$ cat input.cif   # mmCIF, C-alpha atoms
data_work
#
loop_
_atom_site.label_atom_id
_atom_site.label_comp_id
_atom_site.auth_asym_id
_atom_site.auth_seq_id
_atom_site.Cartn_x
_atom_site.Cartn_y
_atom_site.Cartn_z
CA MET A 576 -10.34 2.86 -24.35
CA GLY A 577 -12.28 3.82 -21.19
CA GLN A 578 -12.98 1.96 -18.00
CA LYS A 579 -14.10 -1.60 -17.33
CA GLU A 580 -15.68 -2.57 -13.99
CA LEU A 581 -15.44 -6.25 -13.15
CA ASN A 582 -16.06 -8.70 -10.34
CA ILE A 583 -13.35 -11.36 -10.37
CA THR A 584 -14.00 -14.58 -8.47
CA VAL A 585 -10.80 -15.80 -6.82
CA ALA A 586 -9.80 -19.31 -5.69
CA ASP A 587 -11.95 -19.52 -2.54
CA GLY A 588 -15.05 -18.16 -4.31
CA THR A 589 -14.76 -14.58 -3.00
CA MET A 590 -15.75 -11.92 -5.52
CA ILE A 591 -13.28 -9.02 -5.74
CA PRO A 592 -14.40 -5.70 -7.32
CA VAL A 593 -11.85 -4.58 -9.92
CA LYS A 594 -11.45 -1.64 -12.31
CA LEU A 595 -9.32 -1.53 -15.44
CA ASP A 596 -8.73 1.97 -16.84
CA LYS A 597 -7.20 2.05 -20.33
CA ALA A 598 -4.41 4.39 -21.44
CA LYS A 599 -5.37 7.54 -23.35
CA LYS A 600 -2.70 6.77 -25.95
CA THR A 601 -0.59 3.77 -27.01
CA THR A 602 -0.11 1.60 -23.92
CA ILE A 603 3.49 1.56 -22.61
CA GLY A 604 2.91 -0.45 -19.44
CA VAL A 605 0.47 -1.75 -16.83
CA ILE A 606 0.22 -0.30 -13.32
CA HIS A 607 -1.52 -2.24 -10.53
CA ILE A 608 -2.53 -0.18 -7.47
CA PHE A 609 -2.85 -1.82 -4.02
CA HIS A 610 -4.73 0.57 -1.69
CA GLY A 611 -4.17 0.97 2.05
CA MET A 612 -5.99 0.13 5.27
CA ALA A 613 -9.56 1.35 5.78
CA GLU A 614 -9.81 3.00 2.35
CA HIS A 615 -10.74 1.94 -1.20
CA MET A 616 -9.68 1.99 -4.84
CA ASP A 617 -11.87 4.94 -5.91
CA ARG A 618 -9.75 7.36 -3.87
CA TYR A 619 -7.10 6.93 -6.59
CA ASP A 620 -9.24 8.30 -9.44
CA ALA A 621 -7.06 11.39 -10.05
CA LEU A 622 -3.83 9.37 -10.04
CA VAL A 623 -5.37 6.78 -12.38
CA MET A 624 -6.40 9.51 -14.82
CA SER A 625 -2.88 10.93 -14.78
CA LEU A 626 -1.36 7.48 -15.33
CA ASN A 627 -3.74 6.89 -18.25
CA GLN A 628 -2.57 10.15 -19.82
CA GLN A 629 1.03 8.95 -19.43
CA GLY A 630 0.18 5.81 -21.44
CA TYR A 631 -0.45 3.24 -18.68
CA ASP A 632 -3.34 0.83 -18.37
CA VAL A 633 -4.24 0.79 -14.66
CA ILE A 634 -5.62 -2.12 -12.63
CA ARG A 635 -7.00 -1.47 -9.15
CA HIS A 636 -9.15 -3.52 -6.81
CA ASN A 637 -10.67 -3.40 -3.35
CA HIS A 638 -9.00 -5.73 -0.88
CA ARG A 639 -11.16 -8.10 1.14
CA GLY A 640 -13.00 -6.22 3.87
CA HIS A 641 -12.90 -2.93 1.96
CA GLY A 642 -15.00 -0.93 -0.49
CA PRO A 643 -18.70 -0.10 -1.00
CA THR A 644 -19.73 -3.64 -1.96
CA CYS A 645 -18.30 -5.18 1.21
CA ASN A 646 -20.98 -6.15 3.73
CA GLN A 647 -20.92 -4.70 7.24
CA GLU A 648 -20.00 -8.03 8.82
CA ASP A 649 -16.79 -8.30 6.77
CA ARG A 650 -15.84 -4.59 6.64
CA GLY A 651 -12.43 -3.92 8.14
CA HIS A 652 -11.44 -7.57 8.47
CA ILE A 653 -8.67 -9.45 6.67
CA ASP A 654 -7.85 -12.89 7.96
CA SER A 655 -4.62 -13.43 6.01
CA PHE A 656 -2.25 -11.18 4.05
CA GLU A 657 -1.10 -14.28 2.16
CA GLN A 658 -4.64 -14.65 0.85
CA VAL A 659 -4.82 -10.96 -0.15
CA ALA A 660 -1.50 -11.23 -2.03
CA ASP A 661 -2.88 -14.31 -3.82
CA ASP A 662 -6.02 -12.33 -4.75
CA ALA A 663 -3.85 -9.65 -6.37
CA PHE A 664 -1.90 -12.26 -8.33
CA GLU A 665 -5.09 -13.90 -9.64
CA ILE A 666 -6.41 -10.48 -10.71
CA ALA A 667 -3.15 -9.64 -12.48
CA GLN A 668 -3.05 -13.01 -14.22
CA THR A 669 -6.66 -12.55 -15.39
CA LEU A 670 -6.24 -9.00 -16.74
CA CYS A 671 -2.68 -9.04 -18.08
CA THR A 672 -3.20 -11.73 -20.72
CA ASN A 673 -3.49 -9.05 -23.43
CA HIS A 674 -0.44 -7.13 -22.22
CA GLU A 675 2.38 -9.50 -23.12
CA GLY A 676 5.69 -7.74 -23.57
CA LEU A 677 4.63 -4.71 -21.53
CA PRO A 678 6.08 -4.01 -18.07
CA TYR A 679 3.82 -4.73 -15.10
CA ILE A 680 4.47 -2.38 -12.16
CA VAL A 681 2.92 -2.54 -8.69
CA ILE A 682 2.21 0.59 -6.64
CA GLY A 683 1.35 -0.22 -3.03
CA HIS A 684 0.32 2.40 -0.49
CA SER A 685 0.57 1.96 3.30
CA MET A 686 -0.95 -1.45 4.14
CA GLY A 687 -1.04 -2.01 0.38
CA SER A 688 2.73 -1.54 0.28
CA ILE A 689 3.14 -4.38 2.80
CA ILE A 690 0.89 -6.59 0.66
CA ALA A 691 2.91 -5.53 -2.40
CA ARG A 692 6.16 -6.53 -0.68
CA LEU A 693 4.64 -9.92 0.14
CA PHE A 694 3.34 -10.20 -3.45
CA VAL A 695 6.81 -9.79 -5.00
CA THR A 696 8.22 -12.26 -2.46
CA LYS A 697 5.64 -14.93 -3.31
CA TYR A 698 5.68 -14.19 -7.06
CA PRO A 699 9.19 -12.89 -7.82
CA ASP A 700 8.77 -13.07 -11.60
CA ALA A 701 5.41 -11.29 -11.71
CA ALA A 702 6.42 -7.61 -11.47
CA ASN A 703 8.95 -5.56 -13.45
CA GLY A 704 8.98 -2.78 -10.87
CA LEU A 705 7.76 -1.97 -7.35
CA ILE A 706 6.75 1.43 -5.95
CA LEU A 707 6.19 1.60 -2.20
CA SER A 708 4.27 4.63 -0.94
CA GLY A 709 4.17 5.30 2.79
CA THR A 710 5.50 1.86 3.64
CA GLY A 711 6.16 0.76 7.21
CA TYR A 712 9.22 -0.08 9.26
CA PHE A 713 9.74 -1.10 12.90
CA SER A 714 12.97 -1.88 14.69
CA LYS A 715 13.19 -5.53 15.77
CA ILE A 716 12.45 -4.79 19.43
CA ALA A 717 9.55 -2.42 18.75
CA GLY A 718 8.11 -4.57 15.96
CA TYR A 719 8.07 -7.83 17.85
CA SER A 720 6.83 -6.21 21.07
CA ILE A 721 3.86 -4.68 19.23
CA ALA A 722 3.16 -7.93 17.35
CA THR A 723 3.20 -9.95 20.60
CA LEU A 724 0.75 -7.55 22.26
CA LEU A 725 -1.57 -7.65 19.23
CA LYS A 726 -1.42 -11.45 19.13
CA ILE A 727 -2.52 -11.57 22.77
CA ILE A 728 -5.39 -9.17 21.99
CA THR A 729 -6.57 -11.40 19.11
CA LEU A 730 -6.46 -14.46 21.35
CA ILE A 731 -8.44 -12.77 24.14
CA PHE A 732 -11.01 -10.82 22.11
CA GLY A 733 -11.08 -12.71 18.79
CA LYS A 734 -9.62 -12.16 15.34
CA SER A 735 -12.63 -10.47 13.76
CA LYS A 736 -13.47 -8.17 16.68
CA ARG A 737 -13.19 -4.45 15.93
CA LEU A 738 -12.12 -2.82 19.18
CA LYS A 739 -12.53 0.95 19.26
CA TRP A 740 -9.88 1.39 21.93
CA VAL A 741 -7.29 -0.56 19.91
CA ASN A 742 -8.04 1.50 16.78
CA ASN A 743 -7.95 4.75 18.78
CA LEU A 744 -4.63 3.79 20.36
CA MET A 745 -3.18 3.10 16.91
CA TYR A 746 -4.26 6.50 15.55
CA LYS A 747 -3.19 8.34 18.71
CA THR A 748 0.30 6.86 18.31
CA LEU A 749 0.44 7.91 14.65
CA ASN A 750 -0.69 11.45 15.55
CA LYS A 751 1.73 11.90 18.45
CA LYS A 752 4.19 14.32 16.74
CA ILE A 753 1.50 16.63 15.37
CA ASN A 754 1.04 19.79 17.41
CA ASN A 755 -2.59 20.35 18.40
CA PRO A 756 -4.17 17.82 16.03
CA LYS A 757 -7.74 18.65 15.04
CA THR A 758 -8.69 15.07 14.14
CA THR A 759 -7.39 11.52 14.61
CA SER A 760 -6.56 11.52 10.87
CA ASP A 761 -4.27 14.57 10.80
CA TRP A 762 -1.23 12.29 10.43
CA ILE A 763 -2.25 11.29 6.89
CA SER A 764 -1.84 14.72 5.25
CA SER A 765 -0.87 18.34 5.85
CA ASP A 766 -3.79 19.35 3.60
CA GLU A 767 -6.78 20.00 5.89
CA GLN A 768 -9.31 19.67 3.05
CA TYR A 769 -7.87 16.28 2.09
CA VAL A 770 -8.15 15.12 5.71
CA LYS A 771 -11.76 16.34 5.79
CA ASN A 772 -12.53 14.43 2.58
CA PHE A 773 -11.06 11.29 4.16
CA ILE A 774 -13.21 11.70 7.28
CA ASP A 775 -16.37 12.47 5.28
CA ASP A 776 -15.98 9.41 3.04
CA GLU A 777 -18.21 6.68 4.48
CA TYR A 778 -15.90 3.99 3.09
CA THR A 779 -12.69 5.22 4.76
CA GLY A 780 -11.49 5.41 8.33
CA PHE A 781 -13.76 2.64 9.61
CA LEU A 782 -12.79 0.36 12.50
CA VAL A 783 -10.56 -2.53 11.50
CA SER A 784 -10.24 -5.92 13.13
CA ASN A 785 -7.65 -7.14 15.60
CA GLN A 786 -6.40 -9.61 12.98
CA LEU A 787 -5.96 -6.94 10.28
CA ILE A 788 -3.83 -4.79 12.58
CA TYR A 789 -1.86 -7.84 13.73
CA GLU A 790 -1.23 -9.04 10.15
CA THR A 791 0.02 -5.57 9.18
CA VAL A 792 2.57 -5.44 11.99
CA ARG A 793 3.45 -9.12 11.59
CA TYR A 794 4.33 -8.72 7.92
CA ILE A 795 6.20 -5.45 8.40
CA ASN A 796 8.44 -7.45 10.74
CA LYS A 797 8.55 -10.61 8.65
CA LEU A 798 9.33 -8.98 5.29
CA ASN A 799 12.29 -7.07 6.74
CA ARG A 800 14.14 -10.36 7.24
CA GLN A 801 16.78 -11.35 4.69
CA LYS A 802 15.13 -14.75 4.33
CA TYR A 803 12.25 -12.99 2.55
CA ILE A 804 14.20 -10.21 0.85
CA ARG A 805 16.29 -12.84 -0.95
CA LYS A 806 13.14 -14.39 -2.43
CA MET A 807 12.53 -11.20 -4.43
CA HIS A 808 13.84 -10.80 -7.98
CA ARG A 809 17.21 -9.06 -7.65
CA ALA A 810 16.81 -7.21 -10.94
CA MET A 811 13.41 -5.70 -10.06
CA PRO A 812 13.87 -1.97 -9.36
CA ILE A 813 12.24 -0.56 -6.22
CA LEU A 814 11.19 3.03 -5.55
CA MET A 815 10.24 4.06 -2.02
CA ILE A 816 8.47 7.40 -1.59
CA SER A 817 7.60 8.75 1.84
CA GLY A 818 6.88 11.96 3.70
CA LYS A 819 9.51 13.16 6.16
CA ASP A 820 6.65 13.58 8.65
CA ASP A 821 5.21 10.09 8.12
CA PRO A 822 5.22 8.13 11.40
CA LEU A 823 4.76 4.75 9.68
CA GLY A 824 8.20 5.14 8.08
CA ASN A 825 9.65 6.45 11.35
CA TYR A 826 9.93 9.95 9.88
CA GLY A 827 12.20 8.88 7.04
CA LYS A 828 14.65 6.94 9.20
CA GLY A 829 12.82 3.63 8.75
CA ILE A 830 12.67 4.10 4.98
CA HIS A 831 16.44 4.59 4.76
CA ARG A 832 16.95 1.57 7.01
CA LEU A 833 14.66 -0.53 4.80
CA GLY A 834 16.62 0.62 1.74
CA LYS A 835 19.79 -0.72 3.35
CA ILE A 836 18.05 -4.02 4.10
CA PHE A 837 17.04 -4.34 0.44
CA LYS A 838 20.61 -3.63 -0.67
CA GLN A 839 21.97 -6.18 1.81
CA GLY A 840 19.62 -8.66 0.12
CA HIS A 841 21.35 -7.86 -3.20
CA ILE A 842 18.43 -5.98 -4.77
CA ASN A 843 20.20 -4.17 -7.62
CA HIS A 844 18.21 -0.94 -7.91
CA VAL A 845 16.74 0.78 -4.85
CA THR A 846 15.72 4.44 -4.98
CA ILE A 847 14.49 6.46 -1.99
CA GLN A 848 12.63 9.78 -2.17
CA ILE A 849 11.81 11.48 1.15
CA TYR A 850 9.73 14.65 0.89
CA LYS A 851 10.06 17.35 3.55
CA ASN A 852 6.93 18.68 5.27
CA LYS A 853 4.84 15.81 3.84
CA ARG A 854 2.91 13.22 5.83
CA HIS A 855 1.66 9.70 5.20
CA GLU A 856 -0.50 9.90 2.07
CA ILE A 857 2.36 11.13 -0.09
CA LEU A 858 0.53 10.42 -3.36
CA PHE A 859 -2.15 12.98 -2.42
CA GLU A 860 -0.19 15.52 -0.39
CA ARG A 861 0.18 19.18 -1.28
CA GLU A 862 2.05 19.53 -4.59
CA HIS A 863 1.43 15.84 -5.30
CA GLU A 864 1.79 16.46 -9.06
CA ILE A 865 5.54 16.98 -8.49
CA ILE A 866 5.73 13.65 -6.67
CA TRP A 867 3.80 11.93 -9.46
CA GLN A 868 6.22 13.35 -12.04
CA HIS A 869 9.20 12.07 -10.04
CA MET A 870 7.53 8.65 -10.09
CA TYR A 871 6.96 8.79 -13.87
CA ASP A 872 10.56 9.85 -14.46
CA TRP A 873 11.78 6.94 -12.33
CA ILE A 874 9.65 4.43 -14.27
CA GLN A 875 10.96 5.84 -17.55
CA LYS A 876 14.59 5.57 -16.44
CA GLN A 877 14.59 2.34 -14.44
CA ILE A 878 12.03 0.25 -16.34
CA LEU A 879 11.02 1.56 -19.77
CA THR A 880 14.45 2.71 -20.98
CA ALA A 881 16.23 -0.16 -19.27
CA LYS A 882 14.16 -2.83 -21.08
#

$ encode --input "input.cif" --output "structure tokens"
Amino acid sequence: MGQKELNITVADGTMIPVKLDKAKKTTIGVIHIFHGMAEHMDRYDALVMSLNQQGYDVIRHNHRGHGPTCNQEDRGHIDSFEQVADDAFEIAQTLCTNHEGLPYIVIGHSMGSIIARLFVTKYPDAANGLILSGTGYFSKIAGYSIATLLKIITLIFGKSKRLKWVNNLMYKTLNKKINNPKTTSDWISSDEQYVKNFIDDEYTGFLVSNQLIYETVRYINKLNRQKYIRKMHRAMPILMISGKDDPLGNYGKGIHRLGKIFKQGHINHVTIQIYKNKRHEILFEREHEIIWQHMYDWIQKQILTAK
């Protein structure tokens, strides 16, 4: 019972801060949360508590370049998504040894959803279910045009450079359909207090490196290809949840397109939930408890009952 805080040393010697929160009743499964860009695992406290009450042990960790323990030099920089996916696998292998026979489910949000998609491609037998929150989609032309531009920027200015104008351009693009935005973060939520909390948190919304932005776009493009979809376990159910007003999922259109791509890759169970009048951080939007309950019902039906 309770929470364990750990520092897990991964293959290259990097220490990753991890939390394991135990279920409040008999454990029925393990949930592993992959957080998004320029945020951290502690923002998920309320969701973790709810999951614990449902009977899930919850693993969460701060990706490289994120979280309070990360030094200023490394903050906002990830050199390789492959490495971050490997980190997550090492953490899962370390902490799931006492959970044999229980389903292991990954929840990835935003950038974390891209890492989660890579994770289940590299380790197709690791997860029994995948939940993608606020995941990304680009058309081929848009995706490869953006990736090419970002690659040029990394070559000119350097991989680890945090360029304010590149970050500002990214957020301006994400905010473009919001009438009279009050902040550069309005695109994340329709709840003004939640946006304020995000801005006031010293460990969120920081500048990220050229390489981190490039890797995000690169893997959104890469993981949409059938070559990678077909590496995933066909029997692993996938739930995609997204706000209708989320620009990263092209306002719902990209999520439906991605669902079709999964089905073309012969993934057996793909479920899409698009929520009207909701923005990017769907797990913490207004009336998020309803969204959480939909997620719990899906796990019960697609994973627990189907075992």

$ closest_residue --input "input.cif" --among "A:His652, A:Thr748, A:Gly709, A:Cys671" --to "Ser735 of chain A" --atoms "all atoms listed in the file"
A:His652

$ atom_distance --input "input.cif" --atom1 "atom CA of Pro812 of chain A" --atom2 "atom CA of Lys599 of chain A"
25.6 Å

$ resolve_selection --input "input.cif" --expression "the PyMOL selection byres ((chain A and resi 853-857) around 6)" --output "list in words"
Gly709, Ile763, Ser764, Gly818, Lys819, Asp820, Asp821, Tyr850, Lys851, Asn852, Leu858, Phe859 and Glu860 of chain A

$ atom_distance --input "input.cif" --atom1 "atom CA of Leu581 of chain A" --atom2 "atom CA of Val605 of chain A"
16.9 Å

$ atom_distance --input "input.cif" --atom1 "atom CA of Thr696 of chain A" --atom2 "atom CA of Pro643 of chain A"
29.6 Å

$ resolve_selection --input "input.cif" --expression "the PyMOL selection byres ((chain A and resi 715) around 12)" --output "number ranges by chain"
A: 712-714, 716-723, 792-793, 795-800, 829, 832

$ write_last_selection --input "input.cif" --atoms "C-alpha atoms" --output "PDB file, keeping the file's coordinate frame"
ATOM      1  CA  TYR A 712       9.220  -0.080   9.260  1.00  0.00           C
ATOM      2  CA  PHE A 713       9.740  -1.100  12.900  1.00  0.00           C
ATOM      3  CA  SER A 714      12.970  -1.880  14.690  1.00  0.00           C
ATOM      4  CA  ILE A 716      12.450  -4.790  19.430  1.00  0.00           C
ATOM      5  CA  ALA A 717       9.550  -2.420  18.750  1.00  0.00           C
ATOM      6  CA  GLY A 718       8.110  -4.570  15.960  1.00  0.00           C
ATOM      7  CA  TYR A 719       8.070  -7.830  17.850  1.00  0.00           C
ATOM      8  CA  SER A 720       6.830  -6.210  21.070  1.00  0.00           C
ATOM      9  CA  ILE A 721       3.860  -4.680  19.230  1.00  0.00           C
ATOM     10  CA  ALA A 722       3.160  -7.930  17.350  1.00  0.00           C
ATOM     11  CA  THR A 723       3.200  -9.950  20.600  1.00  0.00           C
ATOM     12  CA  VAL A 792       2.570  -5.440  11.990  1.00  0.00           C
ATOM     13  CA  ARG A 793       3.450  -9.120  11.590  1.00  0.00           C
ATOM     14  CA  ILE A 795       6.200  -5.450   8.400  1.00  0.00           C
ATOM     15  CA  ASN A 796       8.440  -7.450  10.740  1.00  0.00           C
ATOM     16  CA  LYS A 797       8.550 -10.610   8.650  1.00  0.00           C
ATOM     17  CA  LEU A 798       9.330  -8.980   5.290  1.00  0.00           C
ATOM     18  CA  ASN A 799      12.290  -7.070   6.740  1.00  0.00           C
ATOM     19  CA  ARG A 800      14.140 -10.360   7.240  1.00  0.00           C
ATOM     20  CA  GLY A 829      12.820   3.630   8.750  1.00  0.00           C
ATOM     21  CA  ARG A 832      16.950   1.570   7.010  1.00  0.00           C
TER      22      ARG A 832
END

$ residues_near_point --input "input.cif" --point "(1.8, -5.3, -2.9)" --cutoff "12 Å" --atoms "all atoms listed in the file" --output "VMD selection string"
chain A and resid 606 to 611 635 to 636 638 656 to 664 667 680 to 699 701 to 702 704 to 708 710 794 798 813

$ residues_around --input "input.cif" --residues "Gln629 of chain A" --least-positions-apart "4" --cutoff "8 Å" --atoms "all atoms listed in the file" --output "VMD selection string"
chain A and resid 598 to 600 625

$ build_atoms --input "input.cif" --residues "segment 594-605 of chain A" --atoms "N, CA, C and O atoms" --output "compact mmCIF listing (two decimals), in the frame of the given file"
# COMPACT_ATOMS: atom_id res chain seq x y z
N LYS A 594 -11.31 -2.59 -11.20
CA LYS A 594 -11.45 -1.64 -12.31
C LYS A 594 -10.20 -1.69 -13.17
O LYS A 594 -9.08 -1.78 -12.65
N LEU A 595 -10.42 -1.63 -14.48
CA LEU A 595 -9.32 -1.53 -15.44
C LEU A 595 -9.55 -0.26 -16.26
O LEU A 595 -10.55 -0.15 -16.98
N ASP A 596 -8.64 0.70 -16.11
CA ASP A 596 -8.73 1.97 -16.84
C ASP A 596 -7.66 1.98 -17.93
O ASP A 596 -6.47 1.84 -17.64
N LYS A 597 -8.10 2.15 -19.18
CA LYS A 597 -7.20 2.05 -20.33
C LYS A 597 -6.46 3.36 -20.57
O LYS A 597 -6.96 4.45 -20.31
N ALA A 598 -5.25 3.24 -21.10
CA ALA A 598 -4.41 4.39 -21.44
C ALA A 598 -5.10 5.27 -22.47
O ALA A 598 -5.87 4.79 -23.30
N LYS A 599 -4.79 6.57 -22.41
CA LYS A 599 -5.37 7.54 -23.35
C LYS A 599 -4.59 7.60 -24.66
O LYS A 599 -4.96 8.31 -25.59
N LYS A 600 -3.49 6.87 -24.71
CA LYS A 600 -2.70 6.77 -25.95
C LYS A 600 -2.11 5.36 -26.00
O LYS A 600 -2.54 4.49 -25.24
N THR A 601 -1.17 5.12 -26.90
CA THR A 601 -0.59 3.77 -27.01
C THR A 601 -0.06 3.31 -25.65
O THR A 601 0.71 4.02 -24.99
N THR A 602 -0.47 2.11 -25.24
CA THR A 602 -0.11 1.60 -23.92
C THR A 602 1.38 1.27 -23.84
O THR A 602 1.91 0.53 -24.68
N ILE A 603 2.05 1.82 -22.81
CA ILE A 603 3.49 1.56 -22.61
C ILE A 603 3.76 0.67 -21.41
O ILE A 603 4.89 0.24 -21.18
N GLY A 604 2.73 0.40 -20.61
CA GLY A 604 2.91 -0.45 -19.44
C GLY A 604 1.61 -0.60 -18.67
O GLY A 604 0.61 0.05 -18.97
N VAL A 605 1.63 -1.49 -17.68
CA VAL A 605 0.47 -1.75 -16.83
C VAL A 605 0.85 -1.44 -15.38
O VAL A 605 1.88 -1.92 -14.89
